[in-house]
$ cat data.txt   # compact mmCIF, N, CA and C atoms and all ligand atoms
# COMPACT_ATOMS: atom_id res chain seq x y z
N MET F 1 -8.84 27.73 20.10
CA MET F 1 -7.87 26.65 20.36
C MET F 1 -8.13 25.49 19.39
N PRO F 2 -7.07 24.98 18.71
CA PRO F 2 -7.28 23.84 17.80
C PRO F 2 -7.90 22.65 18.55
N LYS F 3 -8.51 21.74 17.78
CA LYS F 3 -9.26 20.62 18.35
C LYS F 3 -8.50 19.80 19.40
N ASN F 4 -7.36 19.23 18.97
CA ASN F 4 -6.66 18.33 19.87
C ASN F 4 -5.53 19.04 20.60
N MET F 5 -5.88 19.60 21.74
CA MET F 5 -4.87 20.32 22.52
C MET F 5 -4.59 19.58 23.83
N THR F 6 -4.88 18.28 23.87
CA THR F 6 -4.68 17.50 25.09
C THR F 6 -3.24 17.61 25.59
N PHE F 7 -2.29 17.48 24.67
CA PHE F 7 -0.88 17.53 25.06
C PHE F 7 -0.54 18.90 25.65
N GLU F 8 -1.00 19.94 24.99
CA GLU F 8 -0.71 21.29 25.47
C GLU F 8 -1.28 21.50 26.89
N LEU F 9 -2.47 20.95 27.12
CA LEU F 9 -3.09 21.08 28.45
C LEU F 9 -2.30 20.26 29.48
N ALA F 10 -1.82 19.08 29.06
CA ALA F 10 -1.03 18.25 29.97
C ALA F 10 0.26 18.97 30.36
N MET F 11 0.88 19.66 29.39
CA MET F 11 2.11 20.41 29.68
C MET F 11 1.82 21.60 30.58
N GLU F 12 0.67 22.22 30.38
CA GLU F 12 0.30 23.36 31.23
C GLU F 12 0.11 22.87 32.68
N ALA F 13 -0.56 21.72 32.82
CA ALA F 13 -0.77 21.15 34.16
C ALA F 13 0.57 20.82 34.80
N MET F 14 1.49 20.27 33.99
CA MET F 14 2.80 19.90 34.54
C MET F 14 3.58 21.13 34.97
N SER F 15 3.40 22.23 34.24
CA SER F 15 4.14 23.44 34.58
C SER F 15 3.72 24.02 35.93
N LYS F 16 2.59 23.56 36.43
CA LYS F 16 2.12 24.05 37.74
C LYS F 16 2.53 23.13 38.88
N MET F 17 3.18 22.00 38.52
CA MET F 17 3.59 21.04 39.56
C MET F 17 4.90 21.50 40.20
N SER F 18 5.16 20.97 41.41
CA SER F 18 6.46 21.21 42.06
C SER F 18 7.50 20.31 41.39
N LEU F 19 8.77 20.61 41.63
CA LEU F 19 9.84 19.81 41.04
C LEU F 19 9.73 18.35 41.48
N ASP F 20 9.40 18.14 42.76
CA ASP F 20 9.25 16.76 43.26
C ASP F 20 8.12 16.04 42.55
N GLU F 21 7.02 16.74 42.34
CA GLU F 21 5.88 16.12 41.64
C GLU F 21 6.24 15.79 40.20
N ILE F 22 6.96 16.71 39.55
CA ILE F 22 7.37 16.46 38.17
C ILE F 22 8.30 15.25 38.11
N ASN F 23 9.26 15.19 39.01
CA ASN F 23 10.19 14.05 39.01
C ASN F 23 9.48 12.74 39.26
N ALA F 24 8.51 12.74 40.18
CA ALA F 24 7.74 11.52 40.46
C ALA F 24 6.94 11.12 39.24
N SER F 25 6.34 12.09 38.58
CA SER F 25 5.54 11.82 37.38
C SER F 25 6.42 11.27 36.26
N LEU F 26 7.60 11.85 36.07
CA LEU F 26 8.50 11.37 35.02
C LEU F 26 9.00 9.95 35.32
N ALA F 27 9.23 9.66 36.60
CA ALA F 27 9.67 8.31 36.98
C ALA F 27 8.56 7.30 36.65
N ASP F 28 7.30 7.67 36.93
CA ASP F 28 6.18 6.77 36.62
C ASP F 28 6.04 6.56 35.11
N LEU F 29 6.19 7.64 34.35
CA LEU F 29 6.06 7.53 32.89
C LEU F 29 7.19 6.68 32.31
N THR F 30 8.39 6.84 32.86
CA THR F 30 9.55 6.07 32.37
C THR F 30 9.31 4.57 32.55
N LYS F 31 8.63 4.22 33.65
CA LYS F 31 8.35 2.79 33.91
C LYS F 31 7.47 2.17 32.84
N ILE F 32 6.61 2.94 32.22
CA ILE F 32 5.69 2.36 31.24
C ILE F 32 6.09 2.67 29.79
N CYS F 33 7.19 3.39 29.61
CA CYS F 33 7.70 3.69 28.26
C CYS F 33 8.08 2.39 27.55
N VAL F 34 7.67 2.23 26.30
CA VAL F 34 7.96 0.98 25.57
C VAL F 34 9.09 1.14 24.55
N CYS F 35 9.84 2.23 24.61
CA CYS F 35 10.96 2.44 23.68
C CYS F 35 11.92 1.26 23.66
N GLY F 36 12.11 0.61 24.80
CA GLY F 36 13.05 -0.50 24.88
C GLY F 36 12.70 -1.65 23.96
N LYS F 37 11.42 -1.74 23.55
CA LYS F 37 10.99 -2.81 22.65
C LYS F 37 10.99 -2.38 21.19
N CYS F 38 11.44 -1.17 20.93
CA CYS F 38 11.32 -0.59 19.59
C CYS F 38 12.47 -1.03 18.67
N PRO F 39 12.16 -1.36 17.40
CA PRO F 39 13.21 -1.77 16.47
C PRO F 39 14.22 -0.65 16.17
N SER F 40 13.81 0.61 16.28
CA SER F 40 14.75 1.72 16.05
C SER F 40 15.72 1.88 17.23
N TYR F 41 15.33 1.36 18.37
CA TYR F 41 16.10 1.50 19.62
C TYR F 41 17.05 0.34 19.85
N LYS F 42 16.53 -0.87 19.57
CA LYS F 42 17.30 -2.09 19.85
C LYS F 42 18.63 -2.10 19.10
N GLY F 43 19.66 -2.46 19.80
CA GLY F 43 20.97 -2.61 19.18
C GLY F 43 21.73 -1.31 18.99
N THR F 44 21.17 -0.19 19.45
CA THR F 44 21.87 1.09 19.26
C THR F 44 22.82 1.40 20.42
N GLY F 45 22.65 0.69 21.53
CA GLY F 45 23.46 0.99 22.71
C GLY F 45 22.80 2.03 23.59
N GLU F 46 21.66 2.54 23.16
CA GLU F 46 20.92 3.53 23.96
C GLU F 46 20.40 2.86 25.23
N THR F 47 20.42 3.60 26.33
CA THR F 47 19.92 3.02 27.58
C THR F 47 18.82 3.88 28.21
N ARG F 48 18.69 5.12 27.73
CA ARG F 48 17.67 5.99 28.33
C ARG F 48 16.32 5.75 27.67
N LEU F 49 15.27 6.35 28.27
CA LEU F 49 13.90 6.17 27.76
C LEU F 49 13.17 7.52 27.80
N LEU F 50 11.89 7.50 27.50
CA LEU F 50 11.00 8.67 27.63
C LEU F 50 11.43 9.85 26.74
N PHE F 51 11.72 9.55 25.51
CA PHE F 51 12.19 10.59 24.58
C PHE F 51 11.10 11.61 24.22
N CYS F 52 9.84 11.22 24.42
CA CYS F 52 8.75 12.18 24.17
C CYS F 52 8.87 13.37 25.12
N VAL F 53 9.56 13.15 26.25
CA VAL F 53 9.80 14.25 27.20
C VAL F 53 11.23 14.77 27.08
N THR F 54 12.20 13.84 26.94
CA THR F 54 13.60 14.26 26.98
C THR F 54 14.17 14.64 25.61
N GLY F 55 13.53 14.21 24.53
CA GLY F 55 13.95 14.64 23.19
C GLY F 55 15.00 13.76 22.53
N LYS F 56 15.68 14.33 21.54
CA LYS F 56 16.57 13.57 20.66
C LYS F 56 17.73 12.90 21.38
N ARG F 57 18.14 11.74 20.84
CA ARG F 57 19.30 11.02 21.34
C ARG F 57 20.20 10.68 20.17
N ALA F 58 21.47 11.02 20.30
CA ALA F 58 22.40 10.85 19.19
C ALA F 58 22.57 9.40 18.75
N LEU F 59 22.41 8.45 19.69
CA LEU F 59 22.67 7.04 19.35
C LEU F 59 21.60 6.44 18.43
N ILE F 60 20.41 6.98 18.44
CA ILE F 60 19.33 6.42 17.61
C ILE F 60 19.23 7.26 16.34
N GLN F 61 19.51 6.63 15.21
CA GLN F 61 19.60 7.42 13.98
C GLN F 61 18.77 6.91 12.81
N LYS F 62 18.36 5.62 12.87
CA LYS F 62 17.63 5.08 11.73
C LYS F 62 16.19 4.77 12.09
N GLU F 63 15.26 5.27 11.29
CA GLU F 63 13.84 5.01 11.53
C GLU F 63 13.50 3.60 11.06
N LYS F 64 13.32 2.70 12.05
CA LYS F 64 12.96 1.32 11.71
C LYS F 64 11.60 0.97 12.29
N GLY F 65 10.81 1.98 12.57
CA GLY F 65 9.52 1.80 13.22
C GLY F 65 9.54 2.52 14.55
N CYS F 66 8.37 2.95 15.02
CA CYS F 66 8.24 3.67 16.29
C CYS F 66 7.06 3.07 17.05
N MET F 67 7.32 2.66 18.30
CA MET F 67 6.29 2.01 19.13
C MET F 67 5.39 3.02 19.86
N CYS F 68 5.70 4.29 19.74
CA CYS F 68 5.00 5.29 20.56
C CYS F 68 3.47 5.26 20.47
N PRO F 69 2.86 5.03 19.28
CA PRO F 69 1.40 5.02 19.26
C PRO F 69 0.80 3.94 20.17
N ALA F 70 1.55 2.85 20.42
CA ALA F 70 1.05 1.76 21.26
C ALA F 70 1.41 1.95 22.74
N CYS F 71 2.12 3.01 23.04
CA CYS F 71 2.58 3.23 24.42
C CYS F 71 1.52 3.95 25.24
N PRO F 72 1.30 3.52 26.49
CA PRO F 72 0.28 4.19 27.33
C PRO F 72 0.58 5.66 27.60
N VAL F 73 1.85 6.06 27.48
CA VAL F 73 2.20 7.47 27.72
C VAL F 73 1.59 8.37 26.63
N THR F 74 1.46 7.83 25.42
CA THR F 74 0.86 8.60 24.33
C THR F 74 -0.54 9.07 24.72
N GLU F 75 -1.32 8.13 25.28
CA GLU F 75 -2.68 8.49 25.69
C GLU F 75 -2.66 9.40 26.92
N LYS F 76 -1.83 9.05 27.88
CA LYS F 76 -1.78 9.84 29.12
C LYS F 76 -1.47 11.31 28.87
N LEU F 77 -0.50 11.57 27.99
CA LEU F 77 -0.08 12.96 27.75
C LEU F 77 -0.75 13.59 26.53
N GLY F 78 -1.53 12.80 25.80
CA GLY F 78 -2.15 13.35 24.59
C GLY F 78 -1.13 13.61 23.49
N LEU F 79 -0.09 12.78 23.44
CA LEU F 79 0.95 12.94 22.41
C LEU F 79 0.38 12.63 21.03
N ARG F 80 0.86 13.28 20.00
CA ARG F 80 0.33 13.02 18.66
C ARG F 80 1.41 13.00 17.58
N TRP F 81 2.65 12.72 18.01
CA TRP F 81 3.76 12.69 17.05
C TRP F 81 4.44 11.33 17.11
N LEU F 82 5.58 11.22 16.42
CA LEU F 82 6.35 9.97 16.37
C LEU F 82 7.84 10.28 16.46
N TYR F 83 8.63 9.23 16.63
CA TYR F 83 10.10 9.33 16.56
C TYR F 83 10.66 10.48 17.39
N TYR F 84 10.23 10.52 18.65
CA TYR F 84 10.71 11.58 19.55
C TYR F 84 12.22 11.52 19.74
N CYS F 85 12.78 10.29 19.67
CA CYS F 85 14.22 10.11 19.87
C CYS F 85 15.02 10.74 18.72
N MET F 86 14.39 10.91 17.56
CA MET F 86 15.11 11.49 16.41
C MET F 86 14.58 12.87 16.02
N LYS F 87 13.28 13.09 16.25
CA LYS F 87 12.67 14.35 15.79
C LYS F 87 12.47 15.38 16.90
N GLY F 88 12.68 14.94 18.15
CA GLY F 88 12.53 15.87 19.25
C GLY F 88 11.34 15.55 20.13
N SER F 89 11.34 16.11 21.32
CA SER F 89 10.29 15.85 22.32
C SER F 89 8.92 16.32 21.82
N GLY F 90 7.88 15.92 22.54
CA GLY F 90 6.54 16.40 22.21
C GLY F 90 6.48 17.92 22.21
N LYS F 91 7.11 18.53 23.21
CA LYS F 91 7.11 19.99 23.28
C LYS F 91 7.75 20.60 22.03
N GLU F 92 8.88 20.02 21.64
CA GLU F 92 9.58 20.54 20.45
C GLU F 92 8.72 20.36 19.20
N GLN F 93 8.10 19.16 19.08
CA GLN F 93 7.31 18.91 17.88
C GLN F 93 6.00 19.71 17.88
N ALA F 94 5.54 20.09 19.07
CA ALA F 94 4.33 20.93 19.16
C ALA F 94 4.67 22.40 18.95
N GLY F 95 5.98 22.71 18.97
CA GLY F 95 6.40 24.11 18.82
C GLY F 95 6.17 24.90 20.09
N LEU F 96 6.22 24.23 21.24
CA LEU F 96 6.01 24.94 22.53
C LEU F 96 7.34 25.50 23.06
S1 LIG L 1 5.45 7.73 23.84
FE1 LIG L 1 7.30 6.80 23.01
S2 LIG L 1 8.99 7.97 23.92
FE2 LIG L 1 7.16 8.41 25.09
S3 LIG L 1 7.21 7.00 26.78
FE3 LIG L 1 6.01 6.02 25.15
S4 LIG L 1 7.40 4.80 23.95
FE4 LIG L 1 8.64 6.16 25.23
S1 LIG L 2 10.64 7.38 20.36
FE1 LIG L 2 9.64 5.93 18.98
S2 LIG L 2 11.27 5.45 17.49
FE2 LIG L 2 12.26 6.35 19.25
S3 LIG L 2 12.88 4.63 20.53
FE3 LIG L 2 10.88 5.35 21.27
S4 LIG L 2 9.42 4.05 20.22
FE4 LIG L 2 11.33 3.90 19.11
$ encode --input "data.txt" --output "structure tokens" --more "lines below"
Ligand code: SF4
Ligand code: SF4
Amino acid sequence: MPKNMTFELAMEAMSKMSLDEINASLADLTKICVCGKCPSYKGTGETRLLFCVTGKRALIQKEKGCMCPACPVTEKLGLRWLYYCMKGSGKEQAGL
């Protein structure tokens, strides 16, 4: 197994949760998502969050910086990518 597989392990753990547990976990993560403060997000009309889980959004198209490395969800899930709103969810970027 490659060195940094924290995200893969987090996804494996999530796959064993019930739907209610997953929904509760996603609601908690959404509360701490900092996408709303991101320069690539502001002014686009986008209202959703948590793109590291939900993936690309058509409204966000220009890379003007990504706040994800400073977001607590990055550490919680072991995320290691950027621009989830444009490049795809962590799962997509991990090739899962
Ligand atoms: S890592 Fe990025 S997309 Fe995921 S919750 Fe944090 S700010 Fe939002
Ligand atoms: S995923 Fe990154 S670039 Fe996209 S809105 Fe969130 S912080 Fe900004």
$ residues_near_ligand --input "data.txt" --ligand "ligand LIG 1 (chain L)" --cutoff "6 Å" --atoms "only C-alpha atoms and all ligand atoms" --output "ChimeraX atom specification"
/F:33-35,49-52,67-68,71,73-74,84
$ write_last_selection --input "data.txt" --atoms "N, CA and C atoms" --output "PDB file, keeping the file's coordinate frame"
ATOM      1  N   CYS F  33       7.190   3.390  29.610  1.00  0.00           N
ATOM      2  CA  CYS F  33       7.700   3.690  28.260  1.00  0.00           C
ATOM      3  C   CYS F  33       8.080   2.390  27.550  1.00  0.00           C
ATOM      4  N   VAL F  34       7.670   2.230  26.300  1.00  0.00           N
ATOM      5  CA  VAL F  34       7.960   0.980  25.570  1.00  0.00           C
ATOM      6  C   VAL F  34       9.090   1.140  24.550  1.00  0.00           C
ATOM      7  N   CYS F  35       9.840   2.230  24.610  1.00  0.00           N
ATOM      8  CA  CYS F  35      10.960   2.440  23.680  1.00  0.00           C
ATOM      9  C   CYS F  35      11.920   1.260  23.660  1.00  0.00           C
ATOM     10  N   LEU F  49      15.270   6.350  28.270  1.00  0.00           N
ATOM     11  CA  LEU F  49      13.900   6.170  27.760  1.00  0.00           C
ATOM     12  C   LEU F  49      13.170   7.520  27.800  1.00  0.00           C
ATOM     13  N   LEU F  50      11.890   7.500  27.500  1.00  0.00           N
ATOM     14  CA  LEU F  50      11.000   8.670  27.630  1.00  0.00           C
ATOM     15  C   LEU F  50      11.430   9.850  26.740  1.00  0.00           C
ATOM     16  N   PHE F  51      11.720   9.550  25.510  1.00  0.00           N
ATOM     17  CA  PHE F  51      12.190  10.590  24.580  1.00  0.00           C
ATOM     18  C   PHE F  51      11.100  11.610  24.220  1.00  0.00           C
ATOM     19  N   CYS F  52       9.840  11.220  24.420  1.00  0.00           N
ATOM     20  CA  CYS F  52       8.750  12.180  24.170  1.00  0.00           C
ATOM     21  C   CYS F  52       8.870  13.370  25.120  1.00  0.00           C
ATOM     22  N   MET F  67       7.320   2.660  18.300  1.00  0.00           N
ATOM     23  CA  MET F  67       6.290   2.010  19.130  1.00  0.00           C
ATOM     24  C   MET F  67       5.390   3.020  19.860  1.00  0.00           C
ATOM     25  N   CYS F  68       5.700   4.290  19.740  1.00  0.00           N
ATOM     26  CA  CYS F  68       5.000   5.290  20.560  1.00  0.00           C
ATOM     27  C   CYS F  68       3.470   5.260  20.470  1.00  0.00           C
ATOM     28  N   CYS F  71       2.120   3.010  23.040  1.00  0.00           N
ATOM     29  CA  CYS F  71       2.580   3.230  24.420  1.00  0.00           C
ATOM     30  C   CYS F  71       1.520   3.950  25.240  1.00  0.00           C
ATOM     31  N   VAL F  73       1.850   6.060  27.480  1.00  0.00           N
ATOM     32  CA  VAL F  73       2.200   7.470  27.720  1.00  0.00           C
ATOM     33  C   VAL F  73       1.590   8.370  26.630  1.00  0.00           C
ATOM     34  N   THR F  74       1.460   7.830  25.420  1.00  0.00           N
ATOM     35  CA  THR F  74       0.860   8.600  24.330  1.00  0.00           C
ATOM     36  C   THR F  74      -0.540   9.070  24.720  1.00  0.00           C
ATOM     37  N   TYR F  84      10.230  10.520  18.650  1.00  0.00           N
ATOM     38  CA  TYR F  84      10.710  11.580  19.550  1.00  0.00           C
ATOM     39  C   TYR F  84      12.220  11.520  19.740  1.00  0.00           C
TER      40      TYR F  84
END
$ residues_around --input "data.txt" --residues "Trp81 of chain F" --least-positions-apart "2" --cutoff "10 Å" --atoms "only C-alpha atoms" --output "list in words"
Cys52, Cys68, Pro69, Thr74, Gly78, Leu79, Tyr83, Tyr84, Lys87, Gly88, Ser89, Gly90, Gln93 and Ala94 of chain F
$ residues_around --input "data.txt" --residues "Lys91 of chain F" --least-positions-apart "5" --cutoff "8 Å" --atoms "all atoms listed in the file" --output "NGL selection string"
:F and (52-55 or 96)
$ closest_residue --input "data.txt" --among "F:Ser18, F:Ser40, F:Asn4, F:Gln61" --to "ligand LIG 2 (chain L)" --atoms "only N, CA and C atoms and all ligand atoms"
F:Ser40
$ closest_residue --input "data.txt" --among "F:Ala13, F:Cys66, F:Met5, F:Leu77" --to "ligand LIG 2 (chain L)" --atoms "only C-alpha atoms and all ligand atoms"
F:Cys66
$ atom_distance --input "data.txt" --atom1 "atom N of Ser15 of chain F" --atom2 "atom S3 of ligand LIG 2 (chain L)"
24.2 Å
$ closest_residue --input "data.txt" --among "F:Glu46, F:Pro39, F:Gly95, F:Asp20" --to "ligand LIG 2 (chain L)" --atoms "all atoms listed in the file"
F:Pro39
$ closest_residue --input "data.txt" --among "F:Ala24, F:Met86, F:Lys31, F:Gly36" --to "Lys56 of chain F" --atoms "only C-alpha atoms"
F:Met86
$ closest_residue --input "data.txt" --among "F:Glu92, F:Cys38, F:Glu21, F:Arg80" --to "ligand LIG 2 (chain L)" --atoms "all atoms listed in the file"
F:Cys38
$ closest_residue --input "data.txt" --among "F:Lys37, F:Pro72, F:Asp28, F:Ala58" --to "ligand LIG 2 (chain L)" --atoms "only N, CA and C atoms and all ligand atoms"
F:Lys37
$ atom_distance --input "data.txt" --atom1 "atom N of Asn23 of chain F" --atom2 "atom CA of Ala10 of chain F"
14.0 Å
$ decode --input "data.txt" --residues "segment 50-61 of chain F" --atoms "all heavy atoms" --output "PDB file, in the first residue's frame"
ATOM      1  N   LEU F  50     -18.753  21.370   0.131  1.00  0.00           N
ATOM      2  CA  LEU F  50     -18.230  19.996   0.294  1.00  0.00           C
ATOM      3  C   LEU F  50     -17.935  19.301  -1.045  1.00  0.00           C
ATOM      4  O   LEU F  50     -18.286  18.147  -1.268  1.00  0.00           O
ATOM      5  CB  LEU F  50     -19.215  19.159   1.133  1.00  0.00           C
ATOM      6  CG  LEU F  50     -18.630  17.943   1.853  1.00  0.00           C
ATOM      7  CD1 LEU F  50     -17.687  18.384   2.982  1.00  0.00           C
ATOM      8  CD2 LEU F  50     -19.705  17.048   2.423  1.00  0.00           C
ATOM      9  N   PHE F  51     -17.280  20.011  -1.921  1.00  0.00           N
ATOM     10  CA  PHE F  51     -16.987  19.463  -3.255  1.00  0.00           C
ATOM     11  C   PHE F  51     -15.974  18.314  -3.216  1.00  0.00           C
ATOM     12  O   PHE F  51     -15.907  17.523  -4.161  1.00  0.00           O
ATOM     13  CB  PHE F  51     -16.501  20.575  -4.182  1.00  0.00           C
ATOM     14  CG  PHE F  51     -17.411  21.753  -4.179  1.00  0.00           C
ATOM     15  CD1 PHE F  51     -16.983  22.999  -3.735  1.00  0.00           C
ATOM     16  CD2 PHE F  51     -18.743  21.621  -4.575  1.00  0.00           C
ATOM     17  CE1 PHE F  51     -17.841  24.080  -3.691  1.00  0.00           C
ATOM     18  CE2 PHE F  51     -19.614  22.700  -4.539  1.00  0.00           C
ATOM     19  CZ  PHE F  51     -19.163  23.936  -4.101  1.00  0.00           C
ATOM     20  N   CYS F  52     -15.204  18.233  -2.134  1.00  0.00           N
ATOM     21  CA  CYS F  52     -14.272  17.101  -2.009  1.00  0.00           C
ATOM     22  C   CYS F  52     -15.041  15.787  -1.954  1.00  0.00           C
ATOM     23  O   CYS F  52     -14.506  14.733  -2.281  1.00  0.00           O
ATOM     24  CB  CYS F  52     -13.387  17.264  -0.777  1.00  0.00           C
ATOM     25  SG  CYS F  52     -14.316  17.524   0.743  1.00  0.00           S
ATOM     26  N   VAL F  53     -16.326  15.870  -1.551  1.00  0.00           N
ATOM     27  CA  VAL F  53     -17.178  14.674  -1.530  1.00  0.00           C
ATOM     28  C   VAL F  53     -18.126  14.666  -2.728  1.00  0.00           C
ATOM     29  O   VAL F  53     -18.313  13.638  -3.377  1.00  0.00           O
ATOM     30  CB  VAL F  53     -17.995  14.614  -0.207  1.00  0.00           C
ATOM     31  CG1 VAL F  53     -18.986  13.445  -0.239  1.00  0.00           C
ATOM     32  CG2 VAL F  53     -17.056  14.485   0.986  1.00  0.00           C
ATOM     33  N   THR F  54     -18.701  15.839  -3.041  1.00  0.00           N
ATOM     34  CA  THR F  54     -19.743  15.866  -4.074  1.00  0.00           C
ATOM     35  C   THR F  54     -19.203  16.080  -5.488  1.00  0.00           C
ATOM     36  O   THR F  54     -19.896  15.833  -6.462  1.00  0.00           O
ATOM     37  CB  THR F  54     -20.789  16.949  -3.754  1.00  0.00           C
ATOM     38  OG1 THR F  54     -20.121  18.215  -3.679  1.00  0.00           O
ATOM     39  CG2 THR F  54     -21.468  16.688  -2.419  1.00  0.00           C
ATOM     40  N   GLY F  55     -17.979  16.586  -5.616  1.00  0.00           N
ATOM     41  CA  GLY F  55     -17.357  16.698  -6.943  1.00  0.00           C
ATOM     42  C   GLY F  55     -17.633  18.001  -7.676  1.00  0.00           C
ATOM     43  O   GLY F  55     -18.014  19.002  -7.079  1.00  0.00           O
ATOM     44  N   LYS F  56     -17.434  17.965  -8.992  1.00  0.00           N
ATOM     45  CA  LYS F  56     -17.443  19.178  -9.823  1.00  0.00           C
ATOM     46  C   LYS F  56     -18.768  19.929  -9.803  1.00  0.00           C
ATOM     47  O   LYS F  56     -19.828  19.322  -9.742  1.00  0.00           O
ATOM     48  CB  LYS F  56     -17.164  18.799 -11.284  1.00  0.00           C
ATOM     49  CG  LYS F  56     -15.766  18.331 -11.533  1.00  0.00           C
ATOM     50  CD  LYS F  56     -15.592  17.955 -13.001  1.00  0.00           C
ATOM     51  CE  LYS F  56     -14.397  17.037 -13.158  1.00  0.00           C
ATOM     52  NZ  LYS F  56     -14.273  16.485 -14.498  1.00  0.00           N
ATOM     53  N   ARG F  57     -18.658  21.263  -9.939  1.00  0.00           N
ATOM     54  CA  ARG F  57     -19.823  22.126 -10.039  1.00  0.00           C
ATOM     55  C   ARG F  57     -19.646  23.038 -11.237  1.00  0.00           C
ATOM     56  O   ARG F  57     -18.624  23.716 -11.371  1.00  0.00           O
ATOM     57  CB  ARG F  57     -19.968  22.985  -8.778  1.00  0.00           C
ATOM     58  CG  ARG F  57     -20.205  22.192  -7.524  1.00  0.00           C
ATOM     59  CD  ARG F  57     -21.539  21.500  -7.497  1.00  0.00           C
ATOM     60  NE  ARG F  57     -22.644  22.443  -7.471  1.00  0.00           N
ATOM     61  CZ  ARG F  57     -23.913  22.130  -7.675  1.00  0.00           C
ATOM     62  NH1 ARG F  57     -24.235  20.883  -7.946  1.00  0.00           N
ATOM     63  NH2 ARG F  57     -24.849  23.038  -7.622  1.00  0.00           N
ATOM     64  N   ALA F  58     -20.650  23.071 -12.090  1.00  0.00           N
ATOM     65  CA  ALA F  58     -20.537  23.822 -13.342  1.00  0.00           C
ATOM     66  C   ALA F  58     -20.329  25.316 -13.140  1.00  0.00           C
ATOM     67  O   ALA F  58     -19.699  25.976 -13.973  1.00  0.00           O
ATOM     68  CB  ALA F  58     -21.790  23.585 -14.182  1.00  0.00           C
ATOM     69  N   LEU F  59     -20.845  25.867 -12.031  1.00  0.00           N
ATOM     70  CA  LEU F  59     -20.766  27.320 -11.840  1.00  0.00           C
ATOM     71  C   LEU F  59     -19.349  27.809 -11.530  1.00  0.00           C
ATOM     72  O   LEU F  59     -19.022  28.964 -11.771  1.00  0.00           O
ATOM     73  CB  LEU F  59     -21.690  27.759 -10.694  1.00  0.00           C
ATOM     74  CG  LEU F  59     -23.187  27.741 -10.989  1.00  0.00           C
ATOM     75  CD1 LEU F  59     -23.981  28.068  -9.734  1.00  0.00           C
ATOM     76  CD2 LEU F  59     -23.530  28.727 -12.096  1.00  0.00           C
ATOM     77  N   ILE F  60     -18.514  26.956 -10.985  1.00  0.00           N
ATOM     78  CA  ILE F  60     -17.152  27.375 -10.621  1.00  0.00           C
ATOM     79  C   ILE F  60     -16.208  26.939 -11.742  1.00  0.00           C
ATOM     80  O   ILE F  60     -16.052  25.752 -12.018  1.00  0.00           O
ATOM     81  CB  ILE F  60     -16.713  26.756  -9.276  1.00  0.00           C
ATOM     82  CG1 ILE F  60     -17.779  27.022  -8.209  1.00  0.00           C
ATOM     83  CG2 ILE F  60     -15.364  27.329  -8.836  1.00  0.00           C
ATOM     84  CD1 ILE F  60     -17.497  26.355  -6.876  1.00  0.00           C
ATOM     85  N   GLN F  61     -15.603  27.917 -12.407  1.00  0.00           N
ATOM     86  CA  GLN F  61     -14.824  27.569 -13.598  1.00  0.00           C
ATOM     87  C   GLN F  61     -13.414  28.117 -13.632  1.00  0.00           C
ATOM     88  O   GLN F  61     -12.594  27.648 -14.416  1.00  0.00           O
ATOM     89  CB  GLN F  61     -15.579  28.041 -14.838  1.00  0.00           C
ATOM     90  CG  GLN F  61     -16.871  27.259 -15.020  1.00  0.00           C
ATOM     91  CD  GLN F  61     -17.468  27.421 -16.396  1.00  0.00           C
ATOM     92  OE1 GLN F  61     -17.205  28.400 -17.068  1.00  0.00           O
ATOM     93  NE2 GLN F  61     -18.259  26.455 -16.811  1.00  0.00           N
TER      94      GLN F  61
END
